[in-house]
Protein chains: 2
Amino acid sequence: MDLHSIKVACSSCNLRELCIPVGLGAEELAQLEQLIPFRRRVRRGGTLFSAGDPFTSLYAVRSGFFKTCITTVDGRDQVTGFQMAGEILGLDGIVQDKHSCSAVALEDAEVCVLPFDKLEQLSREFSTLQHHLHRIMSREIVRDQGVMLLLGSMRAEERLAAFLLNLVQRLHARGFSKTEMVLRMTREEIGSYLGMKLETVSRTFSRFQEDGIIEVKQRYVRILDADALQRIVNHGDTDA
Amino acid sequence: MDLHSIKVACSSCNLRELCIPVGLGAEELAQLEQLIPFRRRVRRGGTLFSAGDPFTSLYAVRSGFFKTCITTVDGRDQVTGFQMAGEILGLDGIVQDKHSCSAVALEDAEVCVLPFDKLEQLSREFSTLQHHLHRIMSREIVRDQGVMLLLGSMRAEERLAAFLLNLVQRLHARGFSKTEMVLRMTREEIGSYLGMKLETVSRTFSRFQEDGIIEVKQRYVRILDADALQRIVNHGDTDA
DNA sequence: CGGAGAGTTGACTGCCTTCAAGGCACGTGG
DNA sequence: CCACGTGCCTTGAAGGCAGTCAACTCTCCG
């Protein structure tokens, strides 16, 4: 394991508006900083945790990019999400004291380790933190339900359009461009997340490009007509 | 609203092994009972809460059967889950202080109302309750990820087989038959949940019946060969 | 008895998958 | 510096699974 014993200062972290600290007071923040013993680096391709690993901590992504995926006994495999800076990993592990999915870094990454027992202890003292933790878990539930909607009732074009808009919006909230991005994941991983085959992902990218909605070159994507993408999501009305 | 002011005794509830009380001590249980002000009845077809309603409470199903569904602005609609006795509704509402989905009773139902602020307050006092609440939220996240796997990587037969096994297993845990059940939802609702059309649901039921795996008559379903169903889930190896 | 909602079944269409071949980008080593 | 290998991506052709449209049946209940 690749650990740092450097103490992390949430109060001076540039992610404090996106991460756990949102809305916490000064004293709570100070306490929160106490409980974070270290950061952990994960190299590209490395796993932060694997399905079955004992659950001890939540992880806040500080930098880098992750995917989470589940594998079934019969070899079925599915990406359940992509996580970027400020997002929380590991909530799946609480219920059974072991992780039910694996978290893999898609690029070199760094996470803050939040020992869960200490987080619970602290959230018994500070109701703001407690409520915040509950909100984070609830947000994950709502997010998952959105994915269920996407997988259950959208067609390929709609899924990919929704995916691109979601990704660029999250990147924008982190100070990146509203229209350009470099994808960290392969077509296959996108397909796994969206419930389609990599060829279909590729073809759909090409169709969007033909229609002048986006510009694609391998991992690079530029959104030329965000409204058109949004219209595609909103019931596949492809007319301009 | 159809309310009871009758106090509920968790300690004498026949669902205590399935519901919130699991694993709580006597004192915690006593406190928990204090916070439940009333039960609420919902008639078949009635809504416990609708998307957009202010969030105040979680609900523990005491009797009856619910579906939760989300509706998008463009009219897309999807069932995100079915809930039976002992299961918790409303976790989606925490993050935005309003519900993001609607809960509809599929048969006359009764729920215990758990005001969330009081639940948080109590869980600051009792770490067992606190951890239990976290487990319930984590369980929901893991459940949703299972549905994502189903929707993203299974074919129609596999989805329905997984659905039937899941349903009968949950009913069995509540003392019902391991092989027989009466569905509370329509083909359309099953289809919406499983990401398929009602005709496909119906056809798949018929095929299972032809294959001697189940017996179906409208809402009544009897599982004749649970192993065959399990094999279908495990990668569609339809051979016996 | 009649109407309405729910479910079944058939025929046809179409979207996505499958299978296959080829192209592009990048890193390594001669 | 360029050849070569590898992983990733693109594109084409053909086929299958589920969707669509439509007709009919069943069940329940007023």
# chains A, B, ... in the order shown; residues from 1 in each chain; ligands from 1

call {"tool": "interface_residues", "arguments": {"of": "chain D", "to": "chain A", "cutoff": "8 Å", "atoms": "only C-alpha atoms (C1' of nucleotides)", "output": "list in words"}}
result
DC8, DC9 and DT10 of chain D

call {"tool": "residues_around", "arguments": {"residues": "Arg222 of chain B", "least_positions_apart": "6", "cutoff": "12 Å", "atoms": "only C-alpha atoms (C1' of nucleotides)", "output": "ChimeraX atom specification"}}
result
/B:164-165,167-168,177-183,205,208-209,212-216,229

call {"tool": "interface_residues", "arguments": {"of": "chain C", "to": "chain B", "cutoff": "8 Å", "atoms": "only C-alpha atoms (C1' of nucleotides)", "output": "PyMOL selection string"}}
result
chain C and resi 6-8

call {"tool": "interface_residues", "arguments": {"of": "chain A", "to": "chain B", "cutoff": "8 Å", "atoms": "only C-alpha atoms", "output": "ChimeraX atom specification"}}
result
/A:70,73-74,76-78,80,91-96,100,120-121,123-125,127,130-131,134-142,144-145,147-149,151-153,192-196,234-235

call {"tool": "write_last_selection", "arguments": {"atoms": "C-alpha atoms", "output": "PDB file, in the first residue's frame"}}
result
ATOM      1  CA  ILE A  70     -19.264  -5.411  -9.737  1.00  0.00           C
ATOM      2  CA  VAL A  73     -20.142 -15.452  -9.832  1.00  0.00           C
ATOM      3  CA  ASP A  74     -21.076 -16.283 -13.404  1.00  0.00           C
ATOM      4  CA  ARG A  76     -20.873 -11.003 -15.553  1.00  0.00           C
ATOM      5  CA  ASP A  77     -19.168  -7.697 -15.064  1.00  0.00           C
ATOM      6  CA  GLN A  78     -20.502  -4.183 -14.959  1.00  0.00           C
ATOM      7  CA  THR A  80     -21.489   0.938 -11.790  1.00  0.00           C
ATOM      8  CA  LEU A  91     -20.424   3.408   0.738  1.00  0.00           C
ATOM      9  CA  ASP A  92     -21.298  -0.050  -0.575  1.00  0.00           C
ATOM     10  CA  GLY A  93     -19.176  -1.674   2.101  1.00  0.00           C
ATOM     11  CA  ILE A  94     -21.065  -0.557   5.193  1.00  0.00           C
ATOM     12  CA  VAL A  95     -23.929  -3.013   5.095  1.00  0.00           C
ATOM     13  CA  GLN A  96     -21.879  -6.203   5.144  1.00  0.00           C
ATOM     14  CA  SER A 100     -19.418  -5.435  -2.777  1.00  0.00           C
ATOM     15  CA  GLU A 120     -19.510   7.634  12.932  1.00  0.00           C
ATOM     16  CA  GLN A 121     -18.072   8.683  16.257  1.00  0.00           C
ATOM     17  CA  SER A 123     -20.974  12.416  13.504  1.00  0.00           C
ATOM     18  CA  ARG A 124     -22.510  11.519  16.860  1.00  0.00           C
ATOM     19  CA  GLU A 125     -20.951  14.684  18.217  1.00  0.00           C
ATOM     20  CA  SER A 127     -25.179  16.910  13.895  1.00  0.00           C
ATOM     21  CA  GLN A 130     -24.056  13.561  10.685  1.00  0.00           C
ATOM     22  CA  HIS A 131     -26.676  15.038   8.414  1.00  0.00           C
ATOM     23  CA  HIS A 134     -26.700  11.028   5.422  1.00  0.00           C
ATOM     24  CA  ARG A 135     -27.051  13.384   2.499  1.00  0.00           C
ATOM     25  CA  ILE A 136     -24.043  11.849   0.786  1.00  0.00           C
ATOM     26  CA  MET A 137     -25.551   8.389   1.096  1.00  0.00           C
ATOM     27  CA  SER A 138     -28.934   9.593  -0.060  1.00  0.00           C
ATOM     28  CA  ARG A 139     -27.320  11.328  -3.022  1.00  0.00           C
ATOM     29  CA  GLU A 140     -25.766   8.043  -4.028  1.00  0.00           C
ATOM     30  CA  ILE A 141     -29.165   6.343  -3.855  1.00  0.00           C
ATOM     31  CA  VAL A 142     -30.748   9.036  -6.025  1.00  0.00           C
ATOM     32  CA  ASP A 144     -28.249   5.092  -8.781  1.00  0.00           C
ATOM     33  CA  GLN A 145     -31.957   5.492  -9.450  1.00  0.00           C
ATOM     34  CA  VAL A 147     -28.875   5.232 -13.781  1.00  0.00           C
ATOM     35  CA  MET A 148     -31.677   2.700 -13.417  1.00  0.00           C
ATOM     36  CA  LEU A 149     -33.920   5.043 -15.402  1.00  0.00           C
ATOM     37  CA  LEU A 151     -30.657   1.684 -18.334  1.00  0.00           C
ATOM     38  CA  GLY A 152     -34.294   0.761 -18.194  1.00  0.00           C
ATOM     39  CA  SER A 153     -35.920   3.209 -20.529  1.00  0.00           C
ATOM     40  CA  SER A 192     -20.450  -1.480 -19.646  1.00  0.00           C
ATOM     41  CA  TYR A 193     -21.724   1.461 -17.616  1.00  0.00           C
ATOM     42  CA  LEU A 194     -24.432   2.315 -20.146  1.00  0.00           C
ATOM     43  CA  GLY A 195     -25.484  -1.261 -20.857  1.00  0.00           C
ATOM     44  CA  MET A 196     -24.324  -1.356 -24.444  1.00  0.00           C
ATOM     45  CA  ASN A 234     -35.414  14.377 -23.528  1.00  0.00           C
ATOM     46  CA  HIS A 235     -37.121  11.608 -25.353  1.00  0.00           C
TER      47      HIS A 235
END

call {"tool": "atom_distance", "arguments": {"atom1": "atom CA of Gly64 of chain A", "atom2": "atom CA of Val22 of chain A"}}
result
20.3 Å

call {"tool": "residues_around", "arguments": {"residues": "DC26 of chain C", "least_positions_apart": "5", "cutoff": "12 Å", "atoms": "only C-alpha atoms (C1' of nucleotides)", "output": "list in words"}}
result
DC4, DG5, DT6, DG7 and DC8 of chain D

call {"tool": "atom_distance", "arguments": {"atom1": "atom CA of Phe65 of chain A", "atom2": "atom CA of Glu107 of chain A"}}
result
5.7 Å

call {"tool": "atom_distance", "arguments": {"atom1": "atom CA of Val201 of chain A", "atom2": "atom CA of Glu157 of chain A"}}
result
8.7 Å

call {"tool": "select_by_dssp", "arguments": {"residues": "segment 115-229 of chain A", "states": "strand (DSSP E or B)", "output": "list in words"}}
result
Pro115, Glu180, Met181, Val182, Ile214, Glu215, Val216, Lys217, Tyr220, Val221, Arg222 and Ile223 of chain A

call {"tool": "write_last_selection", "arguments": {"atoms": "N, CA and C atoms", "output": "CSV table (one decimal), in the first residue's frame"}}
result
chain,number,residue,atom,x,y,z
A,115,PRO,N,-11.6,6.8,8.0
A,115,PRO,CA,-11.9,5.5,8.8
A,115,PRO,C,-13.4,5.7,9.3
A,180,GLU,N,-15.4,20.8,-23.5
A,180,GLU,CA,-14.3,19.9,-23.9
A,180,GLU,C,-13.9,19.0,-22.8
A,181,MET,N,-13.5,17.8,-23.2
A,181,MET,CA,-13.0,16.9,-22.2
A,181,MET,C,-12.2,15.7,-22.8
A,182,VAL,N,-11.4,15.1,-22.0
A,182,VAL,CA,-10.6,14.0,-22.4
A,182,VAL,C,-11.2,12.8,-21.6
A,214,ILE,N,-21.2,16.8,-31.7
A,214,ILE,CA,-20.0,16.7,-31.0
A,214,ILE,C,-18.8,16.6,-32.0
A,215,GLU,N,-17.6,16.8,-31.5
A,215,GLU,CA,-16.4,16.4,-32.2
A,215,GLU,C,-15.7,15.4,-31.4
A,216,VAL,N,-15.3,14.3,-32.0
A,216,VAL,CA,-14.7,13.2,-31.3
A,216,VAL,C,-13.4,12.9,-32.0
A,217,LYS,N,-12.4,12.7,-31.2
A,217,LYS,CA,-11.2,12.1,-31.7
A,217,LYS,C,-10.6,11.2,-30.6
A,220,TYR,N,-10.6,12.3,-26.9
A,220,TYR,CA,-11.0,13.7,-26.8
A,220,TYR,C,-12.4,13.9,-27.4
A,221,VAL,N,-13.2,14.7,-26.6
A,221,VAL,CA,-14.6,15.0,-27.0
A,221,VAL,C,-14.9,16.5,-26.8
A,222,ARG,N,-15.4,17.1,-27.8
A,222,ARG,CA,-15.8,18.5,-27.7
A,222,ARG,C,-17.3,18.6,-28.0
A,223,ILE,N,-18.1,19.2,-27.1
A,223,ILE,CA,-19.5,19.3,-27.4
A,223,ILE,C,-19.8,20.6,-28.2

call {"tool": "select_by_dssp", "arguments": {"residues": "segment 11-209 of chain B", "states": "alpha helix (DSSP H)", "output": "number ranges by chain"}}
result
B: 26-35, 116-125, 127-153, 156-173, 187-194, 198-209

call {"tool": "residues_around", "arguments": {"residues": "Thr47 of chain B", "least_positions_apart": "6", "cutoff": "10 Å", "atoms": "only C-alpha atoms (C1' of nucleotides)", "output": "number ranges by chain"}}
result
B: 66-68, 102-106

call {"tool": "write_last_selection", "arguments": {"atoms": "N, CA, C and O atoms", "output": "tab-separated table (two decimals), in the first residue's frame"}}
result
chain	number	residue	atom	x	y	z
B	66	PHE	N	-45.67	-1.85	-1.78
B	66	PHE	CA	-45.49	-0.57	-2.48
B	66	PHE	C	-44.64	-0.72	-3.73
B	66	PHE	O	-43.88	-1.67	-3.86
B	67	LYS	N	-44.78	0.26	-4.62
B	67	LYS	CA	-43.79	0.44	-5.68
B	67	LYS	C	-43.28	1.86	-5.55
B	67	LYS	O	-44.00	2.76	-5.11
B	68	THR	N	-42.02	2.07	-5.90
B	68	THR	CA	-41.50	3.43	-6.01
B	68	THR	C	-41.21	3.70	-7.48
B	68	THR	O	-40.74	2.82	-8.19
B	102	SER	N	-41.81	8.69	-6.20
B	102	SER	CA	-43.13	8.54	-5.58
B	102	SER	C	-43.30	7.11	-5.09
B	102	SER	O	-42.80	6.19	-5.72
B	103	ALA	N	-44.00	6.98	-3.98
B	103	ALA	CA	-44.27	5.65	-3.43
B	103	ALA	C	-45.77	5.40	-3.48
B	103	ALA	O	-46.54	6.14	-2.89
B	104	VAL	N	-46.17	4.37	-4.21
B	104	VAL	CA	-47.59	4.07	-4.42
B	104	VAL	C	-47.89	2.69	-3.85
B	104	VAL	O	-47.14	1.74	-4.08
B	105	ALA	N	-49.00	2.60	-3.12
B	105	ALA	CA	-49.39	1.32	-2.53
B	105	ALA	C	-50.04	0.45	-3.59
B	105	ALA	O	-50.96	0.89	-4.29
B	106	LEU	N	-49.56	-0.78	-3.74
B	106	LEU	CA	-50.15	-1.70	-4.70
B	106	LEU	C	-51.25	-2.54	-4.06
B	106	LEU	O	-51.99	-3.24	-4.74
